[in-house]
Structure formats: C-alpha cells, structure tokens
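Chemist: Pasting a structure below so you can have a look.
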Amino acid sequence: MTTNSPILSFASTDLILEIPTTVENQLHLHSQSFAQSTSYQAYINELCLGAVLPWLQEDFTPEAKVWPDTAALSSFWELVNGTAITVDASRFILVPSENIDSSELRVPQEWVDLPSWAGDYYLAVQVEPDAGYVRVWGYCTHEQLKTKGDYHAGDRTYALDEDHIITDITVLSVGRVFCADEVTRIATVDLPTLPQAQAENLITRLGNPEIITPRLAVPFRLWGGLIAHGGWRQRLYEQRLGLPEQRSVIQWLQSGVTEIATAMGWEKLNLQLSAAAARSIEERQPEVSLSRQLAIAGQLYELLITPQGQPETTHWRFELRNATIGAAIPGGFKLRLLTEDLQPFPNNEDIATTAVEKLYIEVALEPGEGIVWEVEPLPDNYDREILKF
C-alpha cells in the first residue's frame, strides 16, 4: 500500500490503522537521534504516532497536534515511552507497545503524576512493525488510572486491568460529545523545582548513555522535578547523545543557530540599518539579533534577543512585539525572565497594562549564565528552554 492516509478497519471493536509508508521511509534518518539503548523505543513511538495522529486529525479535529511540538519528541522518547497529542482542549497520551497481551494497560508514571505532562485520555496501542499497522485496542482516563489502576514501583508504571479499559474505540468520540462534563483528569501533586546545583549533578550523572533507564536510577521526586523542566529535559537528552552546548546565544550570534535551535524556531537576523528602517539614531537596533516567532491566541508575535553595546557586552535586551507591522501587543500580556532554576530577580518582568507596541527587559548576565523566558498568555507549543550566555 502506498497511500499516506490511514486505512481504517475494525476487528470486533479494535481500530486497525496502517503505518504510512512515508513514516517508515523516514525512520532511518532519525537513527542517530537517540542513545543506542533507547533507539528502538523511539522507533516504536514514531510508528505509533505516524499511524494514530492522522486518524485523530480525521476523526476528531484537523488541529490535533503533538504536545509540546514535534521538535521536542526526541527528548521525550529518549527518556520515557509515550507521546502526548493535543485534541481541542483535551490531551491524549499514546502508549505504544509490541505486546499482544490486552489484559492490562501500563502507563509510565511521568504521564500520570507530572502535572504538566498528565493527559485526559490514554490510548493503548499495539504496534506491528513488520505487518505495517497498529492496533488501538482500548483507552482509559487519567481519573481511572489514578483511582482504579495499580502502581508498580519496580518499573514506575500505573497498570489498569482490562475490566476498566474501554475497548470500543467508537465510544471515545461519542463520549467526548455527549459526556462533556465527564471528569477525565484529577489533581496531581506539584513537584518542587530542583536547585540548580542538584539539577546539574543529575544531568551529569544520568547523561551517561550507559545508564539504560535513567528514569529508574533516582527517586521519582528528583527525576520528575528534573524532566518537568523543559530546558533540563533537553539538556539531559543532549548530554546522553554527547552533543556540545546547543543553546549558547553568543555562539548563535558568532557561528549561526544550531540545528536543534533552528528546529525550535530560532533564527539569526542581520538587520539592515537603512534610514528608512530606523526611526531615529537612538532607536536603531544592533545589526544582529536572534528571533523566534510565537503564535499566541491566533496571532503571530516575535521574540527578539539583541546584545547591547559591544560584542563582548554582558547586557542583553529581550523584546516581544507583534509580527504584524503596526499591530500592538494587547493589554494583559507579560514578558518574564527567570534564572535557570526558575527563580525571579529584580526587574525581570514587563507587563502590558494597556495595548503597547512592545514589551522588553534588559538584563546583565555573567558569562555562562542561563536564562529562561516566559510569555503570558502561553504561546502555542511552548516548551521551557534554557538559553546560555
């Protein structure tokens, strides 16, 4: 079969979806994106996503998309089995396995107990790589996993018996329409943000690719606190691959933006300071800036980072503006900077009390210091990142 769209069929109440040939053809390109011990886990997850996402887009909403975004998938699959999909206001967690046993669904603890990762619905997916299809054989809610599932400390999973799993997949779409008030997710306990020194030690230790399952190597409280921070999760992933620093702003300005950062949306701008472009000498921006487009509430905005003064400067300007020339930033928007371990500092925030042309923060940073940026309302596909200076 050569079609790229899923082939749908039902064996009893199971949903059988073809793995698109385009996904199979691309897999060899990604083999270098993971430590050897996790490459097969990533392979199964990519087959699962390639088959299930088109079905969700066709049967639920064309806007169904990976959370937080596809550029982040490698750092998730390196560490934990599973993929999150945003479907309207709900989050679906795909839990793939090659196991043909349908007596229980096992979900990694991270997808259940981390507040920022938890989903509403968990789909059990059997992957058949050789046969070229996946079988979606059941689903449950977060509430069911927490109240009816058994926690297994050995592999840190929640297991739900088949008696509590809904095996008729057609019920999922019907239930979301007619049972909109169903409680799908229950509260989870926030994990404290780790001190930076402790996070650095964990990244160094768990970044050793010889540790096959880093998620089981330290207590969950430490592990969860580490990977719930998107910037630390990315750094741990890159360390396990032996990659050099990927988010050095100074290196980006000198040598160009890294491939990983480009995939996240960053680009280097060489601004032409013509008389027409500059409103006045005082308002001219430096010749080089870093830019990233952000989609917020259906509009595009631009986050700019520019050095202030000489190239060896320690002062940096973070600026948010509407990507549409002449358009404003609405009242209520916030631009915020935090330390690497998410601590505020003096003058770290700019708030639009009314519509404004731009929000900006200027900050002095020591060489090697890390900064995390935040915008409210939250941009689409936001994944916390650490920028090094």
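Scheme for the structure tokens: letters A, B, ... for chains in order shown; per-chain residue numbers from 1; ligand numbers from 1 in order shown.
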Excluding Leu53 (chain A) and residues on its chain fewer than 5 positions from it, collect all residues at most 9 Å away from it, counting only C-alpha atoms, and give them as a ChimeraX atom specification.
Modeler: /A:48,58,64-66,85
Chemist: How would the residues just picked look written out with N, CA and C atoms as a tab-separated table (two decimals), in the first residue's frame?
Modeler:
chain	number	residue	atom	x	y	z
A	48	CYS	N	3.92	4.49	15.94
A	48	CYS	CA	2.61	4.70	16.57
A	48	CYS	C	2.07	6.08	16.23
A	58	GLU	N	-8.39	13.25	11.40
A	58	GLU	CA	-9.52	13.00	10.51
A	58	GLU	C	-10.83	12.83	11.28
A	64	ALA	N	-5.54	18.59	15.66
A	64	ALA	CA	-4.81	17.69	16.57
A	64	ALA	C	-3.32	17.77	16.27
A	65	LYS	N	-2.50	17.93	17.31
A	65	LYS	CA	-1.06	18.10	17.09
A	65	LYS	C	-0.27	17.59	18.29
A	66	VAL	N	0.99	17.33	18.03
A	66	VAL	CA	1.90	16.85	19.07
A	66	VAL	C	2.09	17.93	20.13
A	85	ILE	N	-0.69	14.15	22.58
A	85	ILE	CA	-1.34	14.82	21.45
A	85	ILE	C	-2.42	15.75	22.01
Chemist: Please return, as a PDB file with C-alpha atoms, in the first residue's frame, all residues of region 48-273 of chain A that DSSP assigns to strand (DSSP E) on the basis of the backbone.
Modeler:
ATOM      1  CA  LYS A  65      -1.060  18.096  17.091  1.00  0.00           C
ATOM      2  CA  VAL A  66       1.897  16.846  19.066  1.00  0.00           C
ATOM      3  CA  TRP A  67       2.475  18.395  22.502  1.00  0.00           C
ATOM      4  CA  THR A  83       3.553  10.671  23.128  1.00  0.00           C
ATOM      5  CA  ALA A  84       1.148  13.475  24.006  1.00  0.00           C
ATOM      6  CA  ILE A  85      -1.343  14.821  21.454  1.00  0.00           C
ATOM      7  CA  THR A  86      -3.468  17.935  21.931  1.00  0.00           C
ATOM      8  CA  VAL A  87      -7.024  17.353  20.672  1.00  0.00           C
ATOM      9  CA  SER A  90      -8.053  17.599  25.742  1.00  0.00           C
ATOM     10  CA  ARG A  91      -4.736  15.801  25.830  1.00  0.00           C
ATOM     11  CA  PHE A  92      -4.402  12.249  24.527  1.00  0.00           C
ATOM     12  CA  ILE A  93      -1.424  10.114  25.591  1.00  0.00           C
ATOM     13  CA  LEU A  94      -0.435   7.406  23.106  1.00  0.00           C
ATOM     14  CA  VAL A  95       1.073   4.406  24.914  1.00  0.00           C
ATOM     15  CA  PRO A  96       2.626   2.066  22.324  1.00  0.00           C
ATOM     16  CA  SER A  97       3.801  -1.482  22.882  1.00  0.00           C
ATOM     17  CA  GLU A 104      -3.847  -4.546  31.034  1.00  0.00           C
ATOM     18  CA  LEU A 105      -2.599  -1.103  30.040  1.00  0.00           C
ATOM     19  CA  ARG A 106       0.684   0.060  31.587  1.00  0.00           C
ATOM     20  CA  VAL A 107       1.397   3.789  31.579  1.00  0.00           C
ATOM     21  CA  PRO A 108       4.711   5.330  32.700  1.00  0.00           C
ATOM     22  CA  TYR A 121      -7.271  10.034  27.725  1.00  0.00           C
ATOM     23  CA  TYR A 122      -4.691   7.250  27.424  1.00  0.00           C
ATOM     24  CA  LEU A 123      -4.760   5.113  24.269  1.00  0.00           C
ATOM     25  CA  ALA A 124      -3.394   1.556  24.339  1.00  0.00           C
ATOM     26  CA  VAL A 125      -1.665   0.916  21.006  1.00  0.00           C
ATOM     27  CA  GLN A 126      -0.172  -2.384  19.846  1.00  0.00           C
ATOM     28  CA  VAL A 127       2.465  -1.745  17.186  1.00  0.00           C
ATOM     29  CA  GLU A 128       3.193  -4.338  14.489  1.00  0.00           C
ATOM     30  CA  TYR A 133      -0.076  -1.486  11.118  1.00  0.00           C
ATOM     31  CA  VAL A 134      -1.018  -0.507  14.667  1.00  0.00           C
ATOM     32  CA  ARG A 135      -3.992  -1.705  16.700  1.00  0.00           C
ATOM     33  CA  VAL A 136      -5.684   0.771  19.029  1.00  0.00           C
ATOM     34  CA  TRP A 137      -7.331  -1.704  21.378  1.00  0.00           C
ATOM     35  CA  GLY A 138      -8.585   0.426  24.241  1.00  0.00           C
ATOM     36  CA  TYR A 139      -8.444   3.607  26.264  1.00  0.00           C
ATOM     37  CA  CYS A 140      -8.976   4.981  29.737  1.00  0.00           C
ATOM     38  CA  THR A 141      -8.929   8.327  31.508  1.00  0.00           C
ATOM     39  CA  ASP A 150      -2.310  -0.322  40.415  1.00  0.00           C
ATOM     40  CA  TYR A 151       1.008   1.443  40.842  1.00  0.00           C
ATOM     41  CA  HIS A 152       4.066  -0.754  40.215  1.00  0.00           C
ATOM     42  CA  THR A 157       4.022   2.426  35.866  1.00  0.00           C
ATOM     43  CA  TYR A 158       0.305   2.553  36.511  1.00  0.00           C
ATOM     44  CA  ALA A 159      -1.405  -0.658  35.359  1.00  0.00           C
ATOM     45  CA  LEU A 160      -5.105  -0.731  34.608  1.00  0.00           C
ATOM     46  CA  ASP A 161      -6.857  -4.093  34.302  1.00  0.00           C
ATOM     47  CA  TRP A 266      15.198  30.366  16.367  1.00  0.00           C
ATOM     48  CA  GLU A 267      16.913  32.268  13.581  1.00  0.00           C
ATOM     49  CA  LYS A 268      19.661  34.852  13.277  1.00  0.00           C
ATOM     50  CA  LEU A 269      18.693  38.215  11.824  1.00  0.00           C
ATOM     51  CA  ASN A 270      21.189  40.525  10.153  1.00  0.00           C
TER      52      ASN A 270
END
Chemist: Of the residues A:Ala118, A:Val356, A:Phe60, A:Ala197, which is the one nearest to Ser173 (chain A), using only C-alpha atoms?
Modeler: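 Between A:Ala118, A:Val356, A:Phe60, A:Ala197, the residue approaching Ser173 (chain A) most closely is A:Phe60.
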Chemist: Tell me which of A:Pro244, A:Pro62, A:Gly332, A:Pro192 sits closest to Glu259 (chain A), counting only C-alpha atoms.
Modeler: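 With only C-alpha atoms as the atom set, the closest residue is A:Pro244.
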Chemist: Just checking: using only C-alpha atoms, which residue out of A:His164, A:Leu56, A:Asp88, A:Asn347 ends up closest to Ser103 (chain A)?
Modeler: A:His164
Chemist: Need to verify the contact set: region 45-47 of chain A, 8 Å, only C-alpha atoms, exclusion of same-chain residues closer than 4 positions in sequence. Can you return it as a list of chain:residue names?
Modeler: A:Ile19, A:Val23, A:Glu24, A:Leu27, A:Gln41, A:Ala51, A:Trp77, A:Asn81, A:Gly82, A:Thr83, A:Pro96, A:Val127, A:Pro129
Chemist: Between A:Trp55, A:Gly225, A:Trp117, A:Leu191, which is the closest to Pro68 (chain A) once you count only C-alpha atoms?
Modeler: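 Result for the nearest residue to Pro68 (chain A): A:Trp117.
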Chemist: CA of Thr184 (chain A) and CA of Val171 (chain A), how far apart in Å?
Modeler: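 Separation between CA of Val171 (chain A) and CA of Thr184 (chain A): 14.2 Å.
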Chemist: Please extract the residues of region 43-164 of chain A with a backbone DSSP assignment of helix (DSSP H, G or I) and present them as a ChimeraX atom specification.
Modeler: /A:43-59,70-77,110-113,142-148,162-164
Chemist: Could you tell me which of A:Leu226, A:Leu17, A:Ala217, A:Val372 comes closest to Gly50 (chain A) if we count only C-alpha atoms?
Modeler: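 Ranking A:Leu226, A:Leu17, A:Ala217, A:Val372 by distance to Gly50 (chain A), first place goes to A:Leu17.
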Chemist: Provide the CA of Tyr382 (chain A) to CA of Ile361 (chain A) distance in Å, to one decimal place.
Modeler: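 Atom-to-atom, CA of Tyr382 (chain A) and CA of Ile361 (chain A) are spaced 19.6 Å apart.
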Chemist: For a test of reading the model, state the distance in Å between CA of Arg292 (chain A) and CA of Thr22 (chain A), rounded to one decimal.
Modeler: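 Spanning CA of Arg292 (chain A) to CA of Thr22 (chain A) is a straight-line distance of 29.0 Å.
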Chemist: Find the residue from A:Asp59, A:Leu206, A:Ala131, A:Leu243 that sits nearest to Thr21 (chain A); use only C-alpha atoms when measuring.
Modeler: A:Ala131
